[in-house]
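Source file: start_0.cif; contents: mmCIF, C-alpha atoms.
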data_protein
loop_
_atom_site.label_atom_id
_atom_site.label_comp_id
_atom_site.auth_asym_id
_atom_site.auth_seq_id
_atom_site.Cartn_x
_atom_site.Cartn_y
_atom_site.Cartn_z
CA MET A 1 -276.21 38.89 84.28
CA ALA A 2 -272.96 37.28 85.46
CA THR A 3 -272.86 35.79 88.90
CA LEU A 4 -269.83 35.60 91.17
CA SER A 5 -268.88 32.13 92.15
CA ALA A 6 -268.08 31.40 95.78
CA PRO A 7 -264.34 31.25 96.59
CA LEU A 8 -262.91 27.83 96.91
CA PRO A 9 -261.97 26.67 100.41
CA GLY A 10 -258.49 27.81 101.37
CA SER A 11 -258.16 30.22 98.43
CA ARG A 12 -258.20 33.33 100.65
CA ARG A 13 -255.43 31.87 102.81
CA ALA A 14 -253.43 30.98 99.70
CA ALA A 15 -253.82 34.50 98.34
CA THR A 16 -252.59 36.19 101.52
CA ARG A 17 -249.75 33.77 102.27
CA PRO A 18 -246.57 34.74 100.37
CA ARG A 19 -245.19 32.09 98.12
CA LEU A 20 -242.03 30.25 99.11
CA GLY A 21 -240.07 31.84 96.28
CA ALA A 22 -241.11 35.35 97.37
CA ARG A 23 -240.02 34.64 100.96
CA LEU A 24 -236.64 33.29 99.86
CA ALA A 25 -235.97 36.01 97.26
CA PRO A 26 -234.35 38.53 99.70
CA TYR A 27 -231.97 35.85 100.96
CA GLY A 28 -231.11 35.00 97.36
CA PHE A 29 -230.22 38.61 96.63
CA LEU A 30 -228.00 38.77 99.71
CA ALA A 31 -226.40 35.37 99.18
CA PRO A 32 -223.66 36.50 96.70
CA PHE A 33 -222.33 39.02 99.21
CA PHE A 34 -222.14 36.49 102.03
CA VAL A 35 -220.57 33.87 99.77
CA LEU A 36 -217.88 36.30 98.60
CA PHE A 37 -217.35 37.60 102.13
CA ALA A 38 -216.95 34.06 103.48
CA ALA A 39 -214.53 33.11 100.69
CA PHE A 40 -212.40 36.24 100.54
CA GLY A 41 -212.94 37.83 103.96
CA LEU A 42 -213.84 35.46 106.74
CA PHE A 43 -211.88 32.39 105.62
CA PRO A 44 -208.55 34.26 105.08
CA LEU A 45 -208.99 35.95 108.45
CA LEU A 46 -209.52 32.68 110.30
CA TYR A 47 -206.84 30.86 108.33
CA THR A 48 -204.34 33.61 109.09
CA ALA A 49 -205.09 33.18 112.79
CA TYR A 50 -204.48 29.45 112.40
CA VAL A 51 -201.19 30.01 110.55
CA SER A 52 -200.00 32.48 113.19
CA LEU A 53 -199.95 29.64 115.73
CA HIS A 54 -197.53 27.56 113.61
CA ARG A 55 -194.03 27.74 112.21
CA VAL A 56 -194.52 28.07 108.46
CA GLU A 57 -191.74 28.91 106.03
CA LEU A 58 -192.35 30.17 102.51
CA GLN A 59 -190.10 27.52 100.92
CA THR A 60 -191.96 24.68 102.70
CA SER A 61 -195.42 26.15 103.14
CA GLU A 62 -197.04 22.71 103.25
CA ARG A 63 -195.22 21.91 106.51
CA MET A 64 -196.72 23.46 109.65
CA ASP A 65 -195.23 22.96 113.12
CA TRP A 66 -197.38 23.88 116.12
CA LEU A 67 -195.93 26.73 118.20
CA GLY A 68 -198.89 28.08 120.11
CA PHE A 69 -198.34 31.76 120.93
CA GLN A 70 -194.56 31.69 120.41
CA ASN A 71 -194.82 33.78 117.24
CA TYR A 72 -196.55 36.49 119.28
CA THR A 73 -194.08 36.35 122.18
CA ARG A 74 -191.12 36.53 119.78
CA LEU A 75 -192.84 39.38 118.00
CA PHE A 76 -193.19 41.42 121.19
CA GLU A 77 -189.53 40.74 122.03
CA ASP A 78 -188.35 42.05 118.65
CA PRO A 79 -187.17 45.70 118.85
CA PHE A 80 -187.85 46.13 115.13
CA PHE A 81 -191.54 45.42 115.75
CA TRP A 82 -191.75 48.21 118.32
CA ASN A 83 -189.82 50.48 115.98
CA ALA A 84 -192.34 49.75 113.20
CA LEU A 85 -195.23 50.34 115.60
CA ARG A 86 -193.76 53.67 116.67
CA ASN A 87 -193.13 54.71 113.06
CA THR A 88 -196.69 53.76 112.13
CA PHE A 89 -198.02 55.98 114.91
CA THR A 90 -195.84 58.99 114.07
CA ILE A 91 -196.38 58.78 110.29
CA GLY A 92 -200.10 58.29 110.86
CA LEU A 93 -200.22 61.34 113.09
CA LEU A 94 -198.16 63.46 110.70
CA SER A 95 -200.41 62.55 107.78
CA THR A 96 -203.89 62.23 109.32
CA VAL A 97 -204.12 65.47 111.32
CA PRO A 98 -202.99 67.91 108.57
CA GLN A 99 -204.92 65.91 105.98
CA LEU A 100 -208.27 66.21 107.76
CA LEU A 101 -207.75 69.86 108.72
CA LEU A 102 -206.89 70.79 105.11
CA ALA A 103 -209.84 68.76 103.83
CA LEU A 104 -212.20 70.54 106.20
CA GLY A 105 -210.93 73.96 105.12
CA LEU A 106 -211.11 73.13 101.41
CA ALA A 107 -214.62 71.76 101.76
CA HIS A 108 -215.68 74.93 103.55
CA LEU A 109 -214.36 77.03 100.65
CA LEU A 110 -216.00 74.82 98.02
CA ASN A 111 -219.30 75.04 99.86
CA TYR A 112 -219.63 78.69 98.85
CA ARG A 113 -220.94 79.73 95.44
CA LEU A 114 -217.60 79.93 93.67
CA ARG A 115 -217.13 80.24 89.94
CA GLY A 116 -215.94 76.93 88.48
CA ARG A 117 -216.93 74.82 91.51
CA THR A 118 -217.35 71.70 89.38
CA PHE A 119 -213.79 71.99 88.07
CA PHE A 120 -212.36 72.36 91.57
CA ARG A 121 -214.37 69.39 92.86
CA VAL A 122 -213.09 67.19 90.04
CA ALA A 123 -209.55 68.45 90.61
CA MET A 124 -209.84 67.40 94.26
CA LEU A 125 -210.19 63.78 93.19
CA MET A 126 -207.22 63.76 90.82
CA PRO A 127 -204.59 62.89 93.48
CA TYR A 128 -206.82 60.10 94.78
CA ALA A 129 -207.20 58.71 91.25
CA THR A 130 -203.44 58.76 90.72
CA SER A 131 -201.59 55.47 91.13
CA VAL A 132 -199.77 55.01 94.44
CA ALA A 133 -196.66 53.88 92.58
CA ALA A 134 -196.64 56.88 90.23
CA ALA A 135 -197.23 59.42 92.99
CA THR A 136 -194.61 57.92 95.32
CA LEU A 137 -191.95 57.69 92.61
CA VAL A 138 -192.50 61.33 91.66
CA PHE A 139 -192.26 62.46 95.28
CA ALA A 140 -189.14 60.32 95.76
CA GLN A 141 -187.52 62.25 92.91
CA LEU A 142 -188.64 65.57 94.35
CA PHE A 143 -187.11 64.65 97.72
CA GLY A 144 -183.84 63.39 96.21
CA ARG A 145 -180.76 64.31 98.22
CA ASP A 146 -178.46 65.43 95.36
CA TYR A 147 -180.77 66.37 92.48
CA GLY A 148 -184.17 66.76 94.09
CA LEU A 149 -186.26 69.86 93.44
CA ILE A 150 -186.95 70.42 97.16
CA ASN A 151 -183.24 70.61 98.05
CA TRP A 152 -182.64 72.87 95.04
CA VAL A 153 -185.27 75.29 96.35
CA LEU A 154 -183.69 75.15 99.81
CA SER A 155 -180.26 75.92 98.36
CA THR A 156 -181.59 78.97 96.50
CA VAL A 157 -182.63 80.53 99.82
CA GLY A 158 -179.35 79.67 101.53
CA LEU A 159 -180.41 76.56 103.46
CA SER A 160 -178.45 73.33 103.64
CA PRO A 161 -179.80 70.32 101.73
CA VAL A 162 -181.74 67.72 103.69
CA ASP A 163 -181.31 63.97 103.31
CA TRP A 164 -185.01 63.23 102.96
CA GLN A 165 -184.50 59.45 102.83
CA ALA A 166 -181.89 58.89 105.56
CA ASN A 167 -182.91 61.39 108.22
CA THR A 168 -185.57 59.97 110.53
CA TRP A 169 -187.95 62.91 110.81
CA ALA A 170 -187.33 64.13 107.26
CA SER A 171 -188.10 60.71 105.75
CA GLN A 172 -191.23 60.32 107.86
CA PHE A 173 -192.33 63.80 106.82
CA GLY A 174 -191.77 62.89 103.16
CA VAL A 175 -193.89 59.73 103.41
CA SER A 176 -196.58 61.62 105.33
CA LEU A 177 -196.68 64.32 102.67
CA ILE A 178 -197.42 61.72 99.98
CA VAL A 179 -200.33 60.34 102.02
CA THR A 180 -201.64 63.84 102.72
CA TRP A 181 -201.46 64.80 99.04
CA ARG A 182 -203.35 61.68 97.93
CA TRP A 183 -206.19 61.68 100.47
CA THR A 184 -206.93 65.34 101.24
CA GLY A 185 -209.21 65.84 98.24
CA TYR A 186 -211.09 62.60 98.91
CA ASN A 187 -211.88 63.65 102.48
CA ALA A 188 -212.71 67.18 101.32
CA LEU A 189 -215.46 65.86 99.05
CA ILE A 190 -216.85 63.76 101.91
CA TYR A 191 -216.94 66.86 104.12
CA LEU A 192 -218.52 68.86 101.29
CA ALA A 193 -221.32 66.31 100.96
CA GLY A 194 -221.89 66.54 104.71
CA MET A 195 -221.96 70.35 104.61
CA GLN A 196 -224.59 70.39 101.88
CA SER A 197 -226.90 68.33 104.09
CA ILE A 198 -226.89 71.05 106.78
CA PRO A 199 -230.06 73.20 106.48
CA GLN A 200 -229.32 76.55 104.88
CA GLU A 201 -231.82 78.23 107.22
CA LEU A 202 -229.36 77.84 110.08
CA TYR A 203 -226.78 79.95 108.26
CA GLU A 204 -229.37 82.55 107.30
CA SER A 205 -230.57 82.87 110.88
CA ALA A 206 -227.01 83.14 112.14
CA ALA A 207 -226.23 85.85 109.56
CA VAL A 208 -229.31 87.81 110.64
CA ASP A 209 -228.09 87.60 114.25
CA GLY A 210 -224.75 89.05 113.18
CA ALA A 211 -222.61 85.91 113.29
CA SER A 212 -219.44 86.04 111.21
CA ARG A 213 -218.46 83.29 108.79
CA TRP A 214 -215.96 81.93 111.30
CA GLN A 215 -218.64 81.80 113.98
CA GLN A 216 -221.02 80.07 111.56
CA PHE A 217 -218.31 77.53 110.72
CA ARG A 218 -217.51 76.89 114.35
CA HIS A 219 -221.04 76.70 115.78
CA ILE A 220 -223.03 75.33 112.82
CA THR A 221 -220.76 73.58 110.33
CA VAL A 222 -218.51 71.65 112.71
CA PRO A 223 -221.33 70.35 114.98
CA GLY A 224 -223.36 69.39 111.91
CA LEU A 225 -220.37 67.50 110.50
CA ARG A 226 -219.56 65.58 113.67
CA PRO A 227 -220.71 62.15 112.39
CA THR A 228 -218.82 62.74 109.13
CA ILE A 229 -215.70 63.80 111.01
CA VAL A 230 -215.85 60.65 113.15
CA PHE A 231 -216.16 58.56 109.98
CA THR A 232 -213.14 60.19 108.31
CA VAL A 233 -211.06 59.90 111.49
CA VAL A 234 -211.82 56.17 111.77
CA VAL A 235 -211.15 55.50 108.08
CA SER A 236 -207.93 57.57 108.11
CA THR A 237 -206.75 55.78 111.25
CA ILE A 238 -207.33 52.40 109.61
CA GLY A 239 -205.49 53.56 106.49
CA ALA A 240 -202.55 54.87 108.52
CA THR A 241 -202.27 51.55 110.37
CA GLN A 242 -202.20 49.65 107.07
CA LEU A 243 -199.77 52.04 105.33
CA PHE A 244 -197.64 50.05 102.91
CA GLY A 245 -197.28 51.29 99.32
CA GLU A 246 -195.90 54.76 100.02
CA PRO A 247 -193.06 53.74 102.39
CA LEU A 248 -192.20 50.69 100.26
CA LEU A 249 -191.70 52.71 97.07
CA TYR A 250 -190.23 55.80 98.74
CA GLU A 251 -186.76 54.21 98.69
CA GLY A 252 -187.54 50.84 97.18
CA ASN A 253 -186.93 48.35 99.98
CA SER A 254 -188.98 46.67 102.68
CA GLY A 255 -186.62 47.76 105.45
CA GLY A 256 -188.01 51.27 105.53
CA GLY A 257 -184.71 53.06 105.13
CA ILE A 258 -181.13 52.36 106.16
CA SER A 259 -181.93 52.28 109.87
CA HIS A 260 -185.62 51.28 109.52
CA GLN A 261 -186.47 54.90 110.28
CA TYR A 262 -189.81 54.84 108.42
CA GLN A 263 -190.63 51.13 108.41
CA THR A 264 -194.33 50.73 109.17
CA LEU A 265 -196.19 47.67 110.41
CA GLY A 266 -197.20 46.89 106.83
CA LEU A 267 -193.56 46.90 105.72
CA TYR A 268 -192.56 44.85 108.76
CA LEU A 269 -195.19 42.24 107.86
CA TYR A 270 -193.93 42.14 104.26
CA GLU A 271 -190.33 41.81 105.42
CA GLN A 272 -191.12 38.92 107.76
CA GLY A 273 -193.15 37.00 105.18
CA TRP A 274 -191.48 37.68 101.82
CA THR A 275 -187.94 38.71 102.73
CA PHE A 276 -187.22 36.40 105.67
CA PHE A 277 -189.86 33.82 104.54
CA HIS A 278 -191.42 33.49 108.04
CA LEU A 279 -195.09 33.19 107.07
CA GLY A 280 -196.19 32.23 110.59
CA ARG A 281 -194.64 35.33 112.08
CA ALA A 282 -196.07 37.48 109.26
CA ALA A 283 -199.52 36.08 110.07
CA ALA A 284 -199.00 37.03 113.71
CA VAL A 285 -198.13 40.59 112.63
CA ALA A 286 -201.30 40.68 110.52
CA TRP A 287 -203.44 39.71 113.49
CA VAL A 288 -201.74 42.25 115.74
CA MET A 289 -202.54 44.91 113.13
CA PHE A 290 -206.14 43.70 112.94
CA LEU A 291 -206.57 43.89 116.73
CA LEU A 292 -204.90 47.30 116.80
CA ILE A 293 -207.36 48.59 114.18
CA VAL A 294 -210.29 47.22 116.19
CA VAL A 295 -209.04 48.92 119.37
CA LEU A 296 -208.49 52.26 117.60
CA ALA A 297 -211.92 52.11 115.95
CA LEU A 298 -213.61 51.36 119.29
CA ALA A 299 -211.66 54.16 120.97
CA ASN A 300 -212.76 56.66 118.31
CA ALA A 301 -216.37 55.50 118.63
CA ALA A 302 -216.23 55.79 122.43
CA VAL A 303 -214.82 59.33 122.26
CA ALA A 304 -217.51 60.36 119.75
CA ALA A 305 -220.29 58.84 121.87
CA ARG A 306 -219.01 60.57 124.99
CA ARG A 307 -218.82 63.88 123.15
CA ASN A 308 -222.42 63.49 121.99
CA ARG A 309 -223.57 62.80 125.56
CA THR A 310 -221.80 65.89 126.91
CA ASP A 311 -223.31 68.08 124.17
CA ARG A 312 -226.80 66.97 125.16
#
As structure tokens, what does this structure read like?
Amino acid sequence: MATLSAPLPGSRRAATRPRLGARLAPYGFLAPFFVLFAAFGLFPLLYTAYVSLHRVELQTSERMDWLGFQNYTRLFEDPFFWNALRNTFTIGLLSTVPQLLLALGLAHLLNYRLRGRTFFRVAMLMPYATSVAAATLVFAQLFGRDYGLINWVLSTVGLSPVDWQANTWASQFGVSLIVTWRWTGYNALIYLAGMQSIPQELYESAAVDGASRWQQFRHITVPGLRPTIVFTVVVSTIGATQLFGEPLLYEGNSGGGISHQYQTLGLYLYEQGWTFFHLGRAAAVAWVMFLLIVVLALANAAVAARRNRTDR
């Protein structure tokens, strides 16, 4: 009959204590992310802040003259900066509000048991998968002043043609329409995923109580989607602040039109750095945009938190 030998001294402690490799394994799995973030996220951010305090020209980028906050003071004295900031706000408002409302309505329709739902859901992502350059160039042709399809349709109903690239509000509407077309389906699928996480029993109980579909949408769907709505508002606000590709390709120059009527902060940054070669001032614009995004994100979070407190 086999006998059990007594455990060696310290063997129980060695068995319960995790090995050094097991303790370091989670940090090893996380290390690639932090290395990449430090190399391509944190370092460029800090270096841009450093460059924004110097006079740096693109032709002589190795020479850096200390200016302190002069790039920022000159920036705030430039009327074109305030024009770009105002255009960024108006284009962001014209594109974000209709985009999210349309996305919410489309998601509500797709949430029902429709025939061919998979096809419609895939079709929603097609504009998002389309290249920014391709979409903008097509819309620029549609909004052409002399041979554009939009003006041709207006002429068939007796309306005068619109200069969609020179008129201030018309050009901003054209750029906003491109953004709305590209991102509505993406946000609709996010809303649809949020709607499918709402318990179906709530809708069944509301239907038994005689609530209409509009009442169910207003009192069940929208409150249940509140965290998702806050997320899409924050992400859309960040995207509107960084808007660059659509206005750049809409007419093909960094000025944002003849009179800078749709020049955004992204175009203004590009113009300062790669048209006028003032890299220090472009870095200052980048940091102003970064701080603006942080303020807008905190404001959205504060409004959402206050709304949650009032609902309780």
Checklist line | A:Pro223, A:Asn300, A:Ile178, A:Ser171 ranked by distance to Ser131 (chain A), top pick (using all atoms listed in the file) | finding: A:Ile178
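Going from CA of Leu30 (chain A) to CA of Leu46 (chain A) covers 22.2 Å.
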Margin query: I need the output of the PyMOL selection byres ((chain A and resi 267-274) around 8) for this file as a ChimeraX atom specification; which residues are they?
Written below: /A:58,81,84,244,247-248,254-256,263-266,275-283,285-286
Those residues you just picked out, can you put them in a file as an mmCIF file, in the frame of the given file with C-alpha atoms?
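Okay, out-v7.cif is ready:
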data_model
loop_
_atom_site.group_PDB
_atom_site.id
_atom_site.type_symbol
_atom_site.label_atom_id
_atom_site.label_comp_id
_atom_site.auth_asym_id
_atom_site.auth_seq_id
_atom_site.Cartn_x
_atom_site.Cartn_y
_atom_site.Cartn_z
ATOM 1 C CA LEU A 58 -192.350 30.170 102.510
ATOM 2 C CA PHE A 81 -191.540 45.420 115.750
ATOM 3 C CA ALA A 84 -192.340 49.750 113.200
ATOM 4 C CA PHE A 244 -197.640 50.050 102.910
ATOM 5 C CA PRO A 247 -193.060 53.740 102.390
ATOM 6 C CA LEU A 248 -192.200 50.690 100.260
ATOM 7 C CA SER A 254 -188.980 46.670 102.680
ATOM 8 C CA GLY A 255 -186.620 47.760 105.450
ATOM 9 C CA GLY A 256 -188.010 51.270 105.530
ATOM 10 C CA GLN A 263 -190.630 51.130 108.410
ATOM 11 C CA THR A 264 -194.330 50.730 109.170
ATOM 12 C CA LEU A 265 -196.190 47.670 110.410
ATOM 13 C CA GLY A 266 -197.200 46.890 106.830
ATOM 14 C CA THR A 275 -187.940 38.710 102.730
ATOM 15 C CA PHE A 276 -187.220 36.400 105.670
ATOM 16 C CA PHE A 277 -189.860 33.820 104.540
ATOM 17 C CA HIS A 278 -191.420 33.490 108.040
ATOM 18 C CA LEU A 279 -195.090 33.190 107.070
ATOM 19 C CA GLY A 280 -196.190 32.230 110.590
ATOM 20 C CA ARG A 281 -194.640 35.330 112.080
ATOM 21 C CA ALA A 282 -196.070 37.480 109.260
ATOM 22 C CA ALA A 283 -199.520 36.080 110.070
ATOM 23 C CA VAL A 285 -198.130 40.590 112.630
ATOM 24 C CA ALA A 286 -201.300 40.680 110.520
#
Check: Taking the file as shown, what set of residues would the PyMOL selection byres ((chain A and resi 89-102) around 9) give back, as an MDAnalysis selection string?
Finding: chainID A and resid 84:88 103:107 172:173 175:181 183:185 187:188 229 232:233 236:237 239:241 243 262 264
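The closest residue to Phe231 (chain A), picked from A:Ala304, A:Met289, A:Ile258, A:Ala170 and counting all atoms listed in the file, is A:Ala304.
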Note to self: Using all atoms listed in the file, which protein or nucleic acid residues come within 10 Å of Asn151 (chain A)? Drop anything in the same chain fewer than 3 positions from it, and give the result as a ChimeraX atom specification.
What the structure shows: /A:142-148,154-156,159-164
Write out, as a compact mmCIF listing (two decimals), in the coordinates of the input, the residues just selected, with C-alpha atoms.
# COMPACT_ATOMS: atom_id res chain seq x y z
CA LEU A 142 -188.64 65.57 94.35
CA PHE A 143 -187.11 64.65 97.72
CA GLY A 144 -183.84 63.39 96.21
CA ARG A 145 -180.76 64.31 98.22
CA ASP A 146 -178.46 65.43 95.36
CA TYR A 147 -180.77 66.37 92.48
CA GLY A 148 -184.17 66.76 94.09
CA LEU A 154 -183.69 75.15 99.81
CA SER A 155 -180.26 75.92 98.36
CA THR A 156 -181.59 78.97 96.50
CA LEU A 159 -180.41 76.56 103.46
CA SER A 160 -178.45 73.33 103.64
CA PRO A 161 -179.80 70.32 101.73
CA VAL A 162 -181.74 67.72 103.69
CA ASP A 163 -181.31 63.97 103.31
CA TRP A 164 -185.01 63.23 102.96
Nearby residues (all atoms listed in the file) at most 6 Å from region 62-77 of chain A, same-chain spacing under 3 positions excluded, as a PDB file with C-alpha atoms, in the frame of the given file:
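Dumped to result_30.pdb:
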ATOM      1  CA  LEU A  53    -199.950  29.640 115.730  1.00  0.00           C
ATOM      2  CA  HIS A  54    -197.530  27.560 113.610  1.00  0.00           C
ATOM      3  CA  ARG A  55    -194.030  27.740 112.210  1.00  0.00           C
ATOM      4  CA  VAL A  56    -194.520  28.070 108.460  1.00  0.00           C
ATOM      5  CA  ARG A 281    -194.640  35.330 112.080  1.00  0.00           C
TER       6      ARG A 281
END
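Here CA of Leu298 (chain A) is placed at a distance of 28.8 Å from CA of Gln261 (chain A).
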Next item on the list: Taking the file as shown, find all residues satisfying the PyMOL selection byres ((chain A and resi 194-198) around 12) and write them as a ChimeraX atom specification.
Entry: /A:104-113,187-193,199-204,216-217,220-232
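For the pair CA of Val234 (chain A) and CA of Val288 (chain A), the separation is 17.6 Å.
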Excluding Tyr250 (chain A) and its own-chain neighbours fewer than 3 positions away, which residues fall within 6 Å of it when counting all atoms listed in the file? Please give them as a tab-separated table (two decimals) with C-alpha atoms, keeping the file's coordinate frame.
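Listing of around_15.tsv after writing:
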chain	number	residue	atom	x	y	z
A	136	THR	CA	-194.61	57.92	95.32
A	140	ALA	CA	-189.14	60.32	95.76
A	246	GLU	CA	-195.90	54.76	100.02
A	247	PRO	CA	-193.06	53.74	102.39
Notebook entry, point to check: From the set A:Ala301, A:Val294, A:Leu42, A:Ala134, which residue has the shortest atom-to-atom contact distance to Gly245 (chain A), counting all atoms listed in the file?
Noted result: A:Ala134
Next item on the list: Can you pull out every residue within 7 Å of Tyr128 (chain A), counting all atoms listed in the file, but drop anything in the same chain fewer than 3 positions away, and send it as a ChimeraX atom specification?
Entry: /A:125,182-183,186
